[in-house]
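> Data file model_9.tsv (TSV, C-alpha atoms) is appended below.
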```tsv
chain	number	residue	atom	x	y	z
A	1	LEU	CA	84.10	92.74	107.74
A	2	LEU	CA	80.69	92.08	109.27
A	3	GLU	CA	82.17	91.98	112.78
A	4	TRP	CA	84.03	95.24	112.14
A	5	SER	CA	80.83	96.87	110.87
A	6	ARG	CA	78.93	95.75	113.96
A	7	ALA	CA	81.71	97.05	116.19
A	8	GLN	CA	81.55	100.44	114.44
A	9	THR	CA	77.78	100.76	114.78
A	10	GLY	CA	77.66	99.58	118.38
A	11	SER	CA	75.49	96.56	117.54
A	12	LEU	CA	78.14	94.00	118.50
A	13	SER	CA	77.36	92.65	121.94
A	14	TRP	CA	80.07	92.58	124.59
A	15	LYS	CA	79.70	89.84	127.17
A	16	PRO	CA	82.80	89.52	129.34
A	17	GLU	CA	83.21	86.43	131.48
A	18	PHE	CA	85.90	84.55	133.39
A	19	TYR	CA	87.62	81.70	131.52
A	20	ASP	CA	90.94	79.99	130.91
A	21	ILE	CA	92.60	81.50	127.85
A	22	SER	CA	94.85	78.43	127.49
A	23	ASN	CA	91.76	76.51	126.34
A	24	ILE	CA	91.03	79.15	123.70
A	25	VAL	CA	94.64	79.05	122.49
A	26	ASN	CA	94.54	75.26	122.20
A	27	GLU	CA	91.20	75.34	120.35
A	28	THR	CA	92.57	77.93	117.93
A	29	ILE	CA	95.69	75.85	117.30
A	30	LEU	CA	93.50	72.84	116.50
A	31	LEU	CA	91.37	74.96	114.18
A	32	LEU	CA	94.39	76.29	112.26
A	33	LYS	CA	96.60	73.19	112.43
A	34	GLU	CA	95.76	72.11	108.87
A	35	ASN	CA	96.83	75.52	107.49
A	36	ALA	CA	100.07	75.32	109.46
A	37	ASN	CA	100.70	71.71	108.42
A	38	ALA	CA	100.31	72.68	104.75
A	39	LYS	CA	103.39	74.89	105.21
A	40	ASN	CA	105.12	72.55	107.68
A	41	ILE	CA	104.87	75.24	110.37
A	42	ARG	CA	104.94	74.18	113.99
A	43	LEU	CA	102.38	75.76	116.34
A	44	VAL	CA	103.45	75.72	119.99
A	45	SER	CA	101.44	76.89	123.00
A	46	LYS	CA	103.41	78.01	126.03
A	47	VAL	CA	100.27	79.33	127.74
A	48	PRO	CA	99.93	77.68	131.15
A	49	PHE	CA	96.65	76.02	132.07
A	50	ASN	CA	94.52	78.09	134.43
A	51	THR	CA	95.54	81.38	132.85
A	52	LEU	CA	92.27	83.00	133.83
A	53	ILE	CA	91.10	86.22	132.21
A	54	PHE	CA	87.96	88.35	132.19
A	55	ALA	CA	86.94	89.26	128.62
A	56	ASP	CA	84.45	88.59	125.85
A	57	ILE	CA	85.27	85.06	124.69
A	58	ASN	CA	84.15	85.58	121.08
A	59	MET	CA	86.24	88.71	120.69
A	60	VAL	CA	89.30	86.97	122.13
A	61	LYS	CA	88.77	83.99	119.81
A	62	THR	CA	88.66	86.38	116.84
A	63	VAL	CA	91.86	88.12	117.97
A	64	LEU	CA	93.82	84.90	118.49
A	65	ARG	CA	92.56	83.38	115.24
A	66	ASN	CA	93.57	86.49	113.29
A	67	PHE	CA	97.01	86.78	114.89
A	68	ILE	CA	97.85	83.11	114.38
A	69	GLN	CA	96.48	83.12	110.80
A	70	ASN	CA	98.64	86.14	110.01
A	71	SER	CA	101.68	84.42	111.48
A	72	ILE	CA	101.00	81.34	109.35
A	73	LYS	CA	100.52	83.54	106.28
A	74	PHE	CA	103.81	85.38	106.74
A	75	THR	CA	105.99	82.50	107.93
A	76	ASN	CA	108.00	80.43	105.48
A	77	LYS	CA	107.68	76.68	105.21
A	78	GLY	CA	109.32	74.92	108.13
A	79	GLY	CA	108.86	77.86	110.51
A	80	GLU	CA	107.56	78.01	114.05
A	81	ILE	CA	104.89	80.04	115.82
A	82	LYS	CA	104.75	80.26	119.62
A	83	ILE	CA	101.88	81.52	121.71
A	84	LEU	CA	103.05	82.69	125.14
A	85	SER	CA	101.50	84.36	128.15
A	86	SER	CA	102.45	85.84	131.48
A	87	ASP	CA	100.83	87.74	134.31
A	88	GLU	CA	101.66	91.41	134.69
A	89	ASP	CA	101.71	93.35	137.95
A	90	ASN	CA	98.97	95.70	136.76
A	91	GLY	CA	96.16	93.12	136.88
A	92	LYS	CA	96.56	92.18	133.22
A	93	THR	CA	97.51	89.02	131.40
A	94	PHE	CA	100.02	89.42	128.57
A	95	VAL	CA	99.50	87.17	125.51
A	96	GLU	CA	101.92	87.03	122.60
A	97	VAL	CA	102.00	85.34	119.19
A	98	LYS	CA	105.61	85.13	118.08
A	99	ASP	CA	106.79	83.87	114.68
A	100	ASN	CA	110.05	83.58	112.79
A	101	GLY	CA	108.49	84.76	109.55
A	102	ILE	CA	109.30	87.44	107.01
A	103	GLY	CA	108.51	90.38	109.31
A	104	ILE	CA	106.83	93.67	108.52
A	105	SER	CA	108.47	96.44	106.50
A	106	ASP	CA	108.50	99.99	107.89
A	107	ASP	CA	106.16	101.16	105.09
A	108	ILE	CA	103.49	98.60	106.00
A	109	TYR	CA	104.04	98.98	109.75
A	110	LYS	CA	103.11	102.69	109.53
A	111	LYS	CA	99.76	101.77	107.89
A	112	LEU	CA	98.73	98.83	110.09
A	113	PHE	CA	95.95	100.42	112.15
A	114	LYS	CA	94.81	103.07	109.68
A	115	ILE	CA	91.48	102.34	108.03
A	116	ASP	CA	92.16	104.84	105.25
A	117	GLN	CA	95.43	103.17	104.20
A	118	LYS	CA	95.41	100.28	101.75
A	119	ILE	CA	97.84	97.54	102.71
A	120	ILE	CA	98.95	95.23	99.94
A	121	SER	CA	101.13	92.38	101.07
A	122	GLU	CA	101.07	88.74	100.10
A	123	GLY	CA	101.93	85.85	102.35
A	124	THR	CA	104.88	83.58	101.70
A	125	GLU	CA	102.68	81.37	99.50
A	126	LYS	CA	100.86	84.30	97.81
A	127	GLU	CA	98.04	84.35	100.40
A	128	LYS	CA	95.85	87.43	100.24
A	129	GLY	CA	94.22	89.53	102.97
A	130	THR	CA	91.96	92.55	103.40
A	131	GLY	CA	94.14	94.53	105.80
A	132	LEU	CA	91.16	94.96	108.13
A	133	GLY	CA	91.88	92.09	110.52
A	134	LEU	CA	94.34	93.95	112.72
A	135	ILE	CA	92.05	96.98	112.91
A	136	LEU	CA	89.22	94.76	114.16
A	137	CYS	CA	91.55	93.02	116.62
A	138	LYS	CA	92.75	96.34	118.03
A	139	GLU	CA	89.16	97.42	118.63
A	140	PHE	CA	88.30	94.09	120.28
A	141	VAL	CA	91.33	94.17	122.58
A	142	GLU	CA	90.64	97.78	123.59
A	143	ARG	CA	86.93	97.02	124.11
A	144	ASN	CA	88.07	94.44	126.67
A	145	GLY	CA	90.33	96.90	128.51
A	146	GLY	CA	93.61	95.82	126.92
A	147	LYS	CA	96.29	97.12	124.60
A	148	ILE	CA	97.91	95.71	121.50
A	149	ASN	CA	101.58	95.93	120.54
A	150	ILE	CA	103.56	94.81	117.50
A	151	ARG	CA	107.31	94.39	117.20
A	152	SER	CA	108.76	93.19	113.94
A	153	LYS	CA	111.99	92.99	112.03
A	154	VAL	CA	112.16	92.17	108.33
A	155	ASN	CA	113.39	88.59	107.77
A	156	SER	CA	113.42	87.89	111.52
A	157	GLY	CA	109.75	87.62	112.43
A	158	THR	CA	106.97	89.37	114.25
A	159	GLU	CA	105.82	89.49	117.85
A	160	ILE	CA	102.24	90.66	118.25
A	161	SER	CA	100.96	90.90	121.79
A	162	PHE	CA	97.96	92.09	123.72
A	163	THR	CA	96.86	92.42	127.30
A	164	LEU	CA	93.55	91.51	128.91
A	165	PRO	CA	92.25	91.84	132.46
A	166	LYS	CA	93.12	88.76	134.47
A	167	SER	CA	90.76	86.99	136.79
A	168	ASN	CA	91.20	87.66	140.50
```
If you took the structure in this file and wrote it as structure tokens, what would it be?


Amino acid sequence: LLEWSRAQTGSLSWKPEFYDISNIVNETILLLKENANAKNIRLVSKVPFNTLIFADINMVKTVLRNFIQNSIKFTNKGGEIKILSSDEDNGKTFVEVKDNGIGISDDIYKKLFKIDQKIISEGTEKEKGTGLGLILCKEFVERNGGKINIRSKVNSGTEISFTLPKSN
């Protein structure tokens, strides 16, 4: 909430730099491994080493942490979450967090990026959330010159992806 407030008021600093996003993915997996282990969920990185991007590292860490936490929250015990990436022809790197969780209903999907809409949905183990995480992530991705996309099917899982400028 504090980060979102800072982003809204323009007091959040933006310091883009070149770095390997595979390191950030692996750090995030280590950070969230205990949460995933509690639900016997497997976290798998398919992000190749030396996937170099140009973006604000703290914003990207927040985005990845939020996406993976959401996947853990909405994936049943014994599930799997994959983090993938690929280079696009337009000078962007595509990053995706893909789970085999419970998916997102059409009613909730329509409200995802609307600050004035209250989203009430519990995780598979009754985990709670504020509904603001995705709004913050969208702003962070766009601030770094990327776009966010969500594809989901109820009872089949969710694929949430974003693009960021790649390093030349």

> Within 10 Å of A:Val60, counting all atoms listed in the file, which residues qualify if same-chain residues fewer than 5 places away don't, as a PDB file with C-alpha atoms, keeping the file's coordinate frame?


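The resulting file, result.pdb, is shown below:
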```
ATOM      1  CA  ILE A  21      92.600  81.500 127.850  1.00  0.00           C
ATOM      2  CA  ILE A  24      91.030  79.150 123.700  1.00  0.00           C
ATOM      3  CA  VAL A  25      94.640  79.050 122.490  1.00  0.00           C
ATOM      4  CA  ALA A  55      86.940  89.260 128.620  1.00  0.00           C
ATOM      5  CA  ARG A  65      92.560  83.380 115.240  1.00  0.00           C
ATOM      6  CA  ASN A  66      93.570  86.490 113.290  1.00  0.00           C
ATOM      7  CA  CYS A 137      91.550  93.020 116.620  1.00  0.00           C
ATOM      8  CA  PHE A 140      88.300  94.090 120.280  1.00  0.00           C
ATOM      9  CA  VAL A 141      91.330  94.170 122.580  1.00  0.00           C
ATOM     10  CA  ASN A 144      88.070  94.440 126.670  1.00  0.00           C
ATOM     11  CA  LEU A 164      93.550  91.510 128.910  1.00  0.00           C
TER      12      LEU A 164
END
```

> Rank nothing, just name the residue among A:Lys126, A:Lys110, A:Lys61, A:Arg42 nearest to A:Phe74, using all atoms listed in the file.

A:Lys126

> Determine, counting only C-alpha atoms, which protein, DNA and RNA residues have an atom within 12 Å of an atom of A:Asn26; residues of the same chain fewer than 6 positions away are not included. Present the result as a list in words.

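Here the answer would be Asp20, Leu32, Lys33, Leu43, Val44, Ser45, Lys46, Val47, Pro48, Phe49, Lys61, Leu64, Arg65, Ile68, Lys82, Ile83 and Leu84 of chain A.
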
> Taking (114.6, 88.9, 111.0) in the file's own coordinates, collect the residues within 12 Å, counting all atoms listed in the file, and hand them back as a list of chain:residue names.

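Those residues lying close to the given coordinates are A:Thr75, A:Asp99, A:Asn100, A:Gly101, A:Ile102, A:Gly103, A:Ile104, A:Ser105, A:Arg151, A:Ser152, A:Lys153, A:Val154, A:Asn155, A:Ser156, A:Gly157, A:Thr158, A:Glu159.
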
> Using all atoms listed in the file, which of A:Asp107, A:Asp89, A:Glu96, A:Glu34 sits nearest A:Val63?

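Nearest candidate to A:Val63 out of A:Asp107, A:Asp89, A:Glu96, A:Glu34: A:Glu96.
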
> Where atoms are missing, can you supply N, CA, C and O atoms for stretch 26-38 of chain A and output the lot as a PDB file, in the coordinates of the input?


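selection-v8.pdb, written as the output of this step:
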```
ATOM      1  N   ASN A  26      94.475  76.623 122.706  1.00  0.00           N
ATOM      2  CA  ASN A  26      94.540  75.260 122.200  1.00  0.00           C
ATOM      3  C   ASN A  26      93.464  74.975 121.150  1.00  0.00           C
ATOM      4  O   ASN A  26      93.729  74.297 120.151  1.00  0.00           O
ATOM      5  N   GLU A  27      92.261  75.494 121.349  1.00  0.00           N
ATOM      6  CA  GLU A  27      91.200  75.340 120.350  1.00  0.00           C
ATOM      7  C   GLU A  27      91.586  76.020 119.036  1.00  0.00           C
ATOM      8  O   GLU A  27      91.346  75.473 117.955  1.00  0.00           O
ATOM      9  N   THR A  28      92.175  77.188 119.129  1.00  0.00           N
ATOM     10  CA  THR A  28      92.570  77.930 117.930  1.00  0.00           C
ATOM     11  C   THR A  28      93.684  77.194 117.194  1.00  0.00           C
ATOM     12  O   THR A  28      93.679  77.126 115.960  1.00  0.00           O
ATOM     13  N   ILE A  29      94.621  76.646 117.925  1.00  0.00           N
ATOM     14  CA  ILE A  29      95.690  75.850 117.300  1.00  0.00           C
ATOM     15  C   ILE A  29      95.095  74.661 116.555  1.00  0.00           C
ATOM     16  O   ILE A  29      95.475  74.383 115.412  1.00  0.00           O
ATOM     17  N   LEU A  30      94.148  73.967 117.172  1.00  0.00           N
ATOM     18  CA  LEU A  30      93.500  72.840 116.500  1.00  0.00           C
ATOM     19  C   LEU A  30      92.773  73.286 115.236  1.00  0.00           C
ATOM     20  O   LEU A  30      92.829  72.619 114.198  1.00  0.00           O
ATOM     21  N   LEU A  31      92.108  74.422 115.320  1.00  0.00           N
ATOM     22  CA  LEU A  31      91.370  74.960 114.180  1.00  0.00           C
ATOM     23  C   LEU A  31      92.289  75.295 113.008  1.00  0.00           C
ATOM     24  O   LEU A  31      91.949  75.067 111.845  1.00  0.00           O
ATOM     25  N   LEU A  32      93.476  75.817 113.302  1.00  0.00           N
ATOM     26  CA  LEU A  32      94.390  76.290 112.260  1.00  0.00           C
ATOM     27  C   LEU A  32      95.526  75.319 111.942  1.00  0.00           C
ATOM     28  O   LEU A  32      96.387  75.614 111.119  1.00  0.00           O
ATOM     29  N   LYS A  33      95.520  74.172 112.590  1.00  0.00           N
ATOM     30  CA  LYS A  33      96.600  73.190 112.430  1.00  0.00           C
ATOM     31  C   LYS A  33      96.777  72.738 110.977  1.00  0.00           C
ATOM     32  O   LYS A  33      97.893  72.590 110.494  1.00  0.00           O
ATOM     33  N   GLU A  34      95.677  72.550 110.272  1.00  0.00           N
ATOM     34  CA  GLU A  34      95.760  72.110 108.870  1.00  0.00           C
ATOM     35  C   GLU A  34      96.471  73.159 108.009  1.00  0.00           C
ATOM     36  O   GLU A  34      97.301  72.817 107.178  1.00  0.00           O
ATOM     37  N   ASN A  35      96.143  74.441 108.220  1.00  0.00           N
ATOM     38  CA  ASN A  35      96.830  75.520 107.490  1.00  0.00           C
ATOM     39  C   ASN A  35      98.321  75.508 107.788  1.00  0.00           C
ATOM     40  O   ASN A  35      99.145  75.674 106.893  1.00  0.00           O
ATOM     41  N   ALA A  36      98.661  75.353 109.066  1.00  0.00           N
ATOM     42  CA  ALA A  36     100.070  75.320 109.460  1.00  0.00           C
ATOM     43  C   ALA A  36     100.767  74.088 108.893  1.00  0.00           C
ATOM     44  O   ALA A  36     101.893  74.183 108.390  1.00  0.00           O
ATOM     45  N   ASN A  37     100.107  72.946 108.953  1.00  0.00           N
ATOM     46  CA  ASN A  37     100.700  71.710 108.420  1.00  0.00           C
ATOM     47  C   ASN A  37     100.981  71.812 106.930  1.00  0.00           C
ATOM     48  O   ASN A  37     101.964  71.252 106.443  1.00  0.00           O
ATOM     49  N   ALA A  38     100.118  72.525 106.196  1.00  0.00           N
ATOM     50  CA  ALA A  38     100.310  72.680 104.750  1.00  0.00           C
ATOM     51  C   ALA A  38     101.631  73.393 104.446  1.00  0.00           C
ATOM     52  O   ALA A  38     102.203  73.211 103.370  1.00  0.00           O
TER      53      ALA A  38
END
```
